[in-house]
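Structure file data-v1.cif (mmCIF, C-alpha atoms) is printed below.
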data_entry
loop_
_atom_site.label_atom_id
_atom_site.label_comp_id
_atom_site.auth_asym_id
_atom_site.auth_seq_id
_atom_site.Cartn_x
_atom_site.Cartn_y
_atom_site.Cartn_z
CA MET A 1 11.34 9.12 15.50
CA ILE A 2 9.72 6.73 13.04
CA ARG A 3 9.77 2.94 13.20
CA ILE A 4 9.57 0.59 10.24
CA THR A 5 9.01 -3.13 10.49
CA ARG A 6 9.85 -5.79 7.96
CA LYS A 7 8.56 -9.33 8.21
CA VAL A 8 10.14 -12.52 6.83
CA GLU A 9 9.26 -16.14 7.29
CA PHE A 10 11.54 -19.12 7.56
CA ALA A 11 11.00 -22.79 8.26
CA ALA A 12 13.36 -24.69 10.54
CA SER A 13 13.54 -27.70 12.79
CA HIS A 14 14.77 -27.96 16.34
CA PHE A 15 14.41 -29.74 19.66
CA TYR A 16 15.10 -28.76 23.25
CA HIS A 17 17.62 -30.70 25.27
CA ASN A 18 20.03 -29.59 27.96
CA PRO A 19 22.86 -32.15 28.32
CA GLU A 20 23.50 -30.95 31.87
CA LEU A 21 20.10 -32.22 32.96
CA SER A 22 18.98 -35.83 33.35
CA ALA A 23 16.79 -37.41 30.69
CA GLU A 24 13.91 -37.26 33.11
CA GLU A 25 14.41 -33.56 33.87
CA ASN A 26 14.66 -32.80 30.16
CA ARG A 27 11.35 -34.52 29.58
CA ARG A 28 9.73 -32.77 32.51
CA ILE A 29 10.92 -29.28 31.57
CA PHE A 30 10.67 -29.46 27.79
CA GLY A 31 7.85 -31.94 27.29
CA LYS A 32 7.15 -32.76 23.63
CA CYS A 33 9.88 -30.33 22.56
CA ASN A 34 12.46 -32.77 23.99
CA ASN A 35 11.74 -35.39 21.29
CA PRO A 36 15.26 -36.10 19.96
CA HIS A 37 14.02 -36.53 16.41
CA GLY A 38 13.11 -32.87 16.42
CA HIS A 39 10.13 -31.02 15.04
CA GLY A 40 9.70 -27.81 13.09
CA HIS A 41 7.95 -24.49 12.78
CA ASN A 42 7.19 -21.79 10.29
CA TYR A 43 8.86 -18.92 12.05
CA THR A 44 7.89 -15.33 11.43
CA LEU A 45 10.53 -12.75 12.14
CA GLU A 46 9.58 -9.09 12.55
CA VAL A 47 12.42 -6.63 12.58
CA THR A 48 11.83 -3.01 13.57
CA VAL A 49 14.28 -0.22 12.80
CA GLU A 50 13.84 3.27 14.16
CA GLY A 51 15.27 6.55 13.03
CA GLU A 52 14.59 9.84 11.32
CA PRO A 53 13.69 9.66 7.63
CA ASP A 54 16.42 11.01 5.39
CA PRO A 55 15.24 14.45 4.14
CA VAL A 56 16.05 13.57 0.52
CA THR A 57 14.85 9.95 0.21
CA GLY A 58 12.15 10.10 2.89
CA MET A 59 13.41 6.75 4.19
CA ILE A 60 15.02 5.65 7.45
CA LEU A 61 16.80 2.98 5.50
CA ASP A 62 15.96 1.47 2.15
CA LEU A 63 13.67 -1.52 2.73
CA LYS A 64 15.51 -3.34 -0.07
CA GLU A 65 18.70 -2.97 1.93
CA LEU A 66 16.96 -4.30 5.06
CA LYS A 67 15.60 -7.21 3.01
CA GLU A 68 19.12 -8.04 1.82
CA ILE A 69 20.46 -7.92 5.38
CA LEU A 70 17.67 -10.23 6.55
CA ASN A 71 18.32 -12.60 3.65
CA ARG A 72 22.02 -12.74 4.27
CA GLU A 73 22.04 -12.83 8.07
CA VAL A 74 18.92 -14.83 8.85
CA MET A 75 17.35 -16.58 5.86
CA GLU A 76 20.57 -18.06 4.49
CA ARG A 77 21.58 -19.22 7.95
CA MET A 78 18.30 -20.54 9.25
CA ASP A 79 15.75 -21.22 6.52
CA HIS A 80 15.22 -24.96 6.03
CA ARG A 81 17.91 -25.75 8.58
CA HIS A 82 18.07 -27.69 11.80
CA LEU A 83 18.73 -25.02 14.43
CA ASN A 84 20.52 -27.43 16.80
CA TYR A 85 22.96 -28.78 14.21
CA GLU A 86 23.30 -26.39 11.31
CA VAL A 87 23.41 -22.90 12.76
CA PRO A 88 26.78 -22.31 14.47
CA GLU A 89 25.47 -19.26 16.35
CA MET A 90 22.97 -21.50 18.15
CA ALA A 91 25.60 -24.07 19.20
CA GLY A 92 25.41 -24.79 22.92
CA LYS A 93 22.16 -22.84 23.22
CA ILE A 94 18.69 -24.31 23.52
CA PRO A 95 16.97 -23.05 20.37
CA THR A 96 14.00 -21.47 22.12
CA CYS A 97 12.28 -18.38 20.72
CA GLU A 98 14.03 -16.32 23.40
CA ASN A 99 17.51 -17.51 22.39
CA LEU A 100 16.70 -17.17 18.69
CA ALA A 101 15.59 -13.58 19.23
CA VAL A 102 18.81 -12.77 21.13
CA VAL A 103 21.01 -14.42 18.47
CA ILE A 104 19.17 -12.69 15.62
CA TRP A 105 19.52 -9.36 17.45
CA GLY A 106 23.27 -9.99 17.70
CA LEU A 107 23.49 -10.80 13.98
CA LEU A 108 21.47 -7.82 12.78
CA GLU A 109 22.46 -5.06 15.17
CA PRO A 110 25.94 -4.41 13.73
CA LYS A 111 24.66 -4.61 10.14
CA ILE A 112 22.03 -1.92 10.50
CA THR A 113 24.00 1.23 9.93
CA ARG A 114 21.15 3.54 8.98
CA GLY A 115 18.61 4.00 11.75
CA ARG A 116 18.88 1.79 14.78
CA LEU A 117 17.64 -1.71 15.46
CA ASP A 118 14.68 -1.29 17.76
CA ARG A 119 13.02 -4.66 18.09
CA VAL A 120 13.42 -8.27 16.99
CA ARG A 121 10.33 -10.39 17.42
CA VAL A 122 10.33 -14.10 16.57
CA TYR A 123 7.00 -15.92 16.28
CA GLU A 124 7.22 -19.69 16.55
CA SER A 125 3.47 -19.87 15.98
CA ALA A 126 0.66 -17.33 15.93
CA ASP A 127 0.31 -17.88 19.68
CA LEU A 128 3.91 -17.61 20.84
CA TYR A 129 6.66 -15.09 20.30
CA ALA A 130 9.76 -13.79 21.99
CA GLU A 131 11.15 -10.34 21.44
CA CYS A 132 14.28 -8.35 22.16
CA THR A 133 14.53 -4.64 22.57
CA ALA A 134 17.22 -2.45 24.03
CA ALA A 135 16.61 -2.46 27.78
CA ALA A 136 16.64 1.33 27.81
CA ARG A 137 13.92 1.68 25.15
CA ASN A 138 11.21 4.01 26.49
CA GLY A 139 12.49 3.07 29.93
CA ALA A 140 10.62 -0.22 29.46
CA GLY A 141 11.90 -3.44 30.83
CA GLY A 142 14.96 -1.87 32.39
CA LYS A 143 14.20 -3.48 35.72
CA SER A 144 14.12 -6.97 34.30
CA ALA A 145 17.22 -6.98 32.09
CA MET B 1 24.61 4.23 21.95
CA ARG B 2 23.93 0.72 20.76
CA ALA B 3 22.58 -2.02 22.96
CA THR B 4 24.86 -4.95 23.62
CA GLY B 5 23.72 -8.41 24.66
CA ALA B 6 23.91 -7.40 28.29
CA ALA B 7 21.54 -4.48 27.82
CA LEU B 8 18.76 -6.39 26.10
CA ARG B 9 15.27 -6.79 27.35
CA VAL B 10 13.83 -10.17 26.39
CA ALA B 11 10.10 -10.74 26.55
CA VAL B 12 7.83 -13.58 25.64
CA GLY B 13 4.30 -13.16 24.34
CA ARG B 14 1.68 -15.89 24.55
CA ARG B 15 -1.87 -15.89 23.23
CA TYR B 16 -4.86 -17.67 24.70
CA ARG B 17 -8.52 -17.80 23.78
CA PHE B 18 -11.77 -18.04 25.64
CA ALA B 19 -15.42 -17.60 24.78
CA ALA B 20 -17.76 -15.95 27.24
CA SER B 21 -20.96 -13.97 27.52
CA HIS B 22 -21.52 -10.71 29.30
CA ARG B 23 -23.89 -7.82 29.65
CA LEU B 24 -22.82 -4.23 30.09
CA HIS B 25 -25.13 -2.73 32.66
CA THR B 26 -24.62 -1.02 35.98
CA ALA B 27 -26.99 -0.42 38.87
CA ARG B 28 -25.33 2.98 39.28
CA LEU B 29 -27.12 4.24 36.18
CA THR B 30 -30.82 4.38 35.35
CA GLU B 31 -32.22 1.97 32.75
CA GLU B 32 -32.38 4.83 30.30
CA GLU B 33 -28.77 5.82 30.96
CA ASN B 34 -27.63 2.19 30.68
CA ALA B 35 -29.37 1.96 27.31
CA ARG B 36 -27.76 5.19 26.18
CA VAL B 37 -24.23 4.35 27.38
CA TYR B 38 -24.05 0.65 26.53
CA GLY B 39 -26.51 0.41 23.61
CA LYS B 40 -26.91 -3.17 22.34
CA CYS B 41 -24.47 -4.36 24.99
CA ALA B 42 -27.07 -3.65 27.68
CA ASN B 43 -29.47 -6.27 26.28
CA PRO B 44 -30.66 -8.06 29.46
CA TYR B 45 -30.06 -11.51 28.01
CA GLY B 46 -26.40 -10.73 27.33
CA HIS B 47 -24.25 -11.65 24.35
CA GLY B 48 -20.87 -13.23 23.84
CA HIS B 49 -17.44 -12.91 22.29
CA ASN B 50 -14.47 -15.00 21.34
CA TYR B 51 -11.83 -13.28 23.40
CA VAL B 52 -8.11 -13.45 22.68
CA VAL B 53 -5.71 -12.74 25.53
CA GLU B 54 -2.07 -11.91 24.92
CA VAL B 55 0.23 -11.83 27.93
CA THR B 56 3.76 -10.44 27.76
CA LEU B 57 6.32 -11.45 30.37
CA THR B 58 9.88 -10.26 30.81
CA GLY B 59 12.84 -11.37 32.81
CA PRO B 60 16.26 -12.90 32.46
CA VAL B 61 16.51 -15.89 30.12
CA ASP B 62 17.03 -18.90 32.39
CA GLU B 63 20.17 -20.57 31.08
CA ARG B 64 19.08 -24.08 31.91
CA MET B 65 15.84 -23.76 29.94
CA GLY B 66 16.69 -21.01 27.48
CA MET B 67 13.39 -19.40 28.41
CA VAL B 68 12.07 -16.37 30.26
CA ALA B 69 9.47 -18.66 31.81
CA ASN B 70 8.68 -22.30 31.39
CA LEU B 71 5.90 -22.28 28.83
CA ALA B 72 4.18 -25.39 30.14
CA ALA B 73 4.09 -23.84 33.62
CA LEU B 74 2.73 -20.57 32.21
CA ASP B 75 0.05 -22.37 30.19
CA GLU B 76 -0.98 -24.38 33.22
CA PHE B 77 -1.13 -21.25 35.39
CA VAL B 78 -3.22 -19.28 32.86
CA ASP B 79 -5.49 -22.28 32.31
CA ARG B 80 -6.11 -22.60 36.01
CA GLU B 81 -6.33 -18.92 37.00
CA VAL B 82 -8.01 -17.42 33.95
CA LEU B 83 -9.36 -19.80 31.32
CA ASP B 84 -11.01 -22.27 33.69
CA ALA B 85 -12.78 -19.32 35.35
CA PHE B 86 -13.74 -17.42 32.18
CA ASP B 87 -14.14 -19.87 29.30
CA HIS B 88 -17.75 -20.69 28.40
CA LYS B 89 -18.99 -18.69 31.35
CA ASN B 90 -21.28 -15.76 31.85
CA LEU B 91 -18.87 -13.17 33.21
CA ASN B 92 -21.54 -11.21 35.11
CA GLU B 93 -23.03 -14.24 36.79
CA GLU B 94 -20.12 -16.61 37.21
CA VAL B 95 -17.01 -14.52 37.89
CA ALA B 96 -17.28 -13.07 41.38
CA GLU B 97 -15.25 -9.94 40.49
CA PHE B 98 -17.91 -8.91 37.96
CA ARG B 99 -20.85 -9.09 40.33
CA GLU B 100 -20.44 -5.38 41.05
CA VAL B 101 -17.96 -4.34 38.36
CA VAL B 102 -19.16 -3.99 34.75
CA PRO B 103 -17.40 -6.64 32.61
CA THR B 104 -16.24 -4.25 29.92
CA THR B 105 -13.12 -5.51 28.22
CA GLU B 106 -11.16 -2.79 30.07
CA ASN B 107 -12.20 -4.39 33.36
CA VAL B 108 -11.72 -7.93 32.01
CA CYS B 109 -8.20 -6.93 30.97
CA ARG B 110 -7.42 -5.53 34.41
CA GLU B 111 -8.80 -8.62 36.17
CA ILE B 112 -6.70 -10.90 33.96
CA PHE B 113 -3.65 -8.75 34.71
CA LYS B 114 -4.23 -9.14 38.46
CA ARG B 115 -4.49 -12.89 38.10
CA VAL B 116 -1.53 -13.47 35.76
CA ALA B 117 0.68 -11.06 37.76
CA LYS B 118 0.82 -13.77 40.44
CA PHE B 119 2.71 -16.09 38.07
CA PRO B 120 5.99 -16.53 39.95
CA GLU B 121 8.51 -17.19 37.15
CA ALA B 122 8.65 -13.84 35.32
CA ARG B 123 7.40 -10.27 35.49
CA LEU B 124 4.08 -9.63 33.78
CA GLU B 125 4.57 -6.58 31.62
CA ARG B 126 1.34 -6.33 29.65
CA VAL B 127 -2.01 -7.95 29.04
CA ARG B 128 -3.89 -7.31 25.82
CA VAL B 129 -7.43 -8.55 25.34
CA GLU B 130 -9.08 -8.61 21.95
CA GLU B 131 -12.84 -8.63 22.31
CA THR B 132 -13.24 -8.96 18.55
CA GLY B 133 -10.79 -8.69 15.67
CA ALA B 134 -11.64 -5.00 15.53
CA ASN B 135 -10.96 -3.88 19.08
CA SER B 136 -8.41 -4.61 21.73
CA PHE B 137 -7.59 -3.36 25.21
CA GLU B 138 -4.27 -3.28 26.98
CA CYS B 139 -3.06 -2.82 30.48
CA ASP B 140 0.30 -2.81 32.16
CA GLU B 141 1.55 -2.71 35.74
CA GLU B 142 0.34 0.84 36.34
CA SER B 143 -3.17 0.31 35.02
CA GLY B 144 -3.46 -3.28 36.07
CA MET B 145 -3.24 -3.31 39.82
#
Would you kindly transcribe this structure into structure tokens?
Amino acid sequence: MIRITRKVEFAASHFYHNPELSAEENRRIFGKCNNPHGHGHNYTLEVTVEGEPDPVTGMILDLKELKEILNREVMERMDHRHLNYEVPEMAGKIPTCENLAVVIWGLLEPKITRGRLDRVRVYESADLYAECTAAARNGAGGKSA
Amino acid sequence: MRATGAALRVAVGRRYRFAASHRLHTARLTEEENARVYGKCANPYGHGHNYVVEVTLTGPVDERMGMVANLAALDEFVDREVLDAFDHKNLNEEVAEFREVVPTTENVCREIFKRVAKFPEARLERVRVEETGANSFECDEESGM
């Protein structure tokens, strides 16, 4: 099995607020991220697809095809958008890295028809990322899912 | 079989930095053997590195916060348990665990794993320590405890 990873970057704004919590609890839990005016990040998305290379093309899937999927499913939805207000898939969800990774997994997984989606990793900054993998991957993480 | 939302593993990765000095030398070896095994790293005056620590935690995404673990709580925990103890310190002289144990980055990695594993909000899956940009060391539950 071979894995290929493609990276794209998008810029978006967001803030964290849970309407079911008091203003004070929101401030305590989310800190600066609770600022209602929002703030933004340059996100880096790494998408890994695994599979066997096609014997004729030598590819798991054409990287151009993966680029088009990422453009259509992620970039057009999220780049230069406000994640709280402009991305319907994030509605009702706090736009944390974790939730973004889960939503992006859900968007990409059915579109990847050659090979299999292996990992979605979303960096909010160089020092923070969240990632999704199938719980059964290498037996890893099964206990925690 | 394809993973659905319910069968996803979500993990969060966070990077921290500290600067510290150390000397690789053990009383179990002769001076000559120390010099042969550890080379420049056995210099009696020690030397230092800018270390980068990446911790990976998994667990269910808390619906209230949208996070695997509250990041502010994690940062505070790592600050208190690891960075306060290691940053701008001489690891051999000032970290009790390295009085008898050689502070190779393997052992530093394992010690950090032991400390961060006590974080109560999520399961620590992996600790990676970069001693320089050119080398890194990793440990997980099996190697860490």
- request: Starting from chain B, keep only residues with some atom at most 7 Å from an atom of chain A, counting only C-alpha atoms, and report them as a list in words.
  value: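 Result: Ala3, Ala7, Leu8, Arg9, Val10, Ala11, Val12, Gly13, Arg14, Arg15, Thr58, Gly59, Pro60, Arg64, Gly66 and Met67 of chain B.
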- prompt: Out of B:Val101, B:Asn70, B:Ala20, B:Asp84, which residue has the shortest atom-to-atom distance to Leu57 (chain B) when counting all atoms listed in the file?
  reply: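 Among the listed residues, B:Asn70 lies closest to Leu57 (chain B).
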task: Give me, please, the distance in Å between CA of Glu9 (chain A) and CA of Tyr85 (chain A), quoted to one decimal.
output: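 Calculated distance between CA of Glu9 (chain A) and CA of Tyr85 (chain A) is 19.9 Å.
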- prompt: Of the residues A:Thr44, A:Ser22, A:Ala91, A:His39, which is the one nearest to Asp79 (chain A), using all atoms listed in the file?
  reply: A:Thr44
field: Lys40 (chain B) surroundings by only C-alpha atoms, 12 Å radius, close-in-sequence under 6 positions cut, as an MDAnalysis selection string
entry: chainID B and resid 22:25 34 46:48
Store the residues of this selection in a file with C-alpha atoms, as a short mmCIF file (atom, residue, chain, number, x, y, z; two decimals), keeping the file's coordinate frame.
data_model
loop_
_atom_site.label_atom_id
_atom_site.label_comp_id
_atom_site.auth_asym_id
_atom_site.auth_seq_id
_atom_site.Cartn_x
_atom_site.Cartn_y
_atom_site.Cartn_z
CA HIS B 22 -21.52 -10.71 29.30
CA ARG B 23 -23.89 -7.82 29.65
CA LEU B 24 -22.82 -4.23 30.09
CA HIS B 25 -25.13 -2.73 32.66
CA ASN B 34 -27.63 2.19 30.68
CA GLY B 46 -26.40 -10.73 27.33
CA HIS B 47 -24.25 -11.65 24.35
CA GLY B 48 -20.87 -13.23 23.84
#
field: Best match for closeness to Val95 (chain B) among B:Asp62, B:His49, B:Lys118, B:Ser21, counting all atoms listed in the file
entry: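 Once distances to Val95 (chain B) are computed over all atoms listed in the file, the minimum belongs to B:Ser21.
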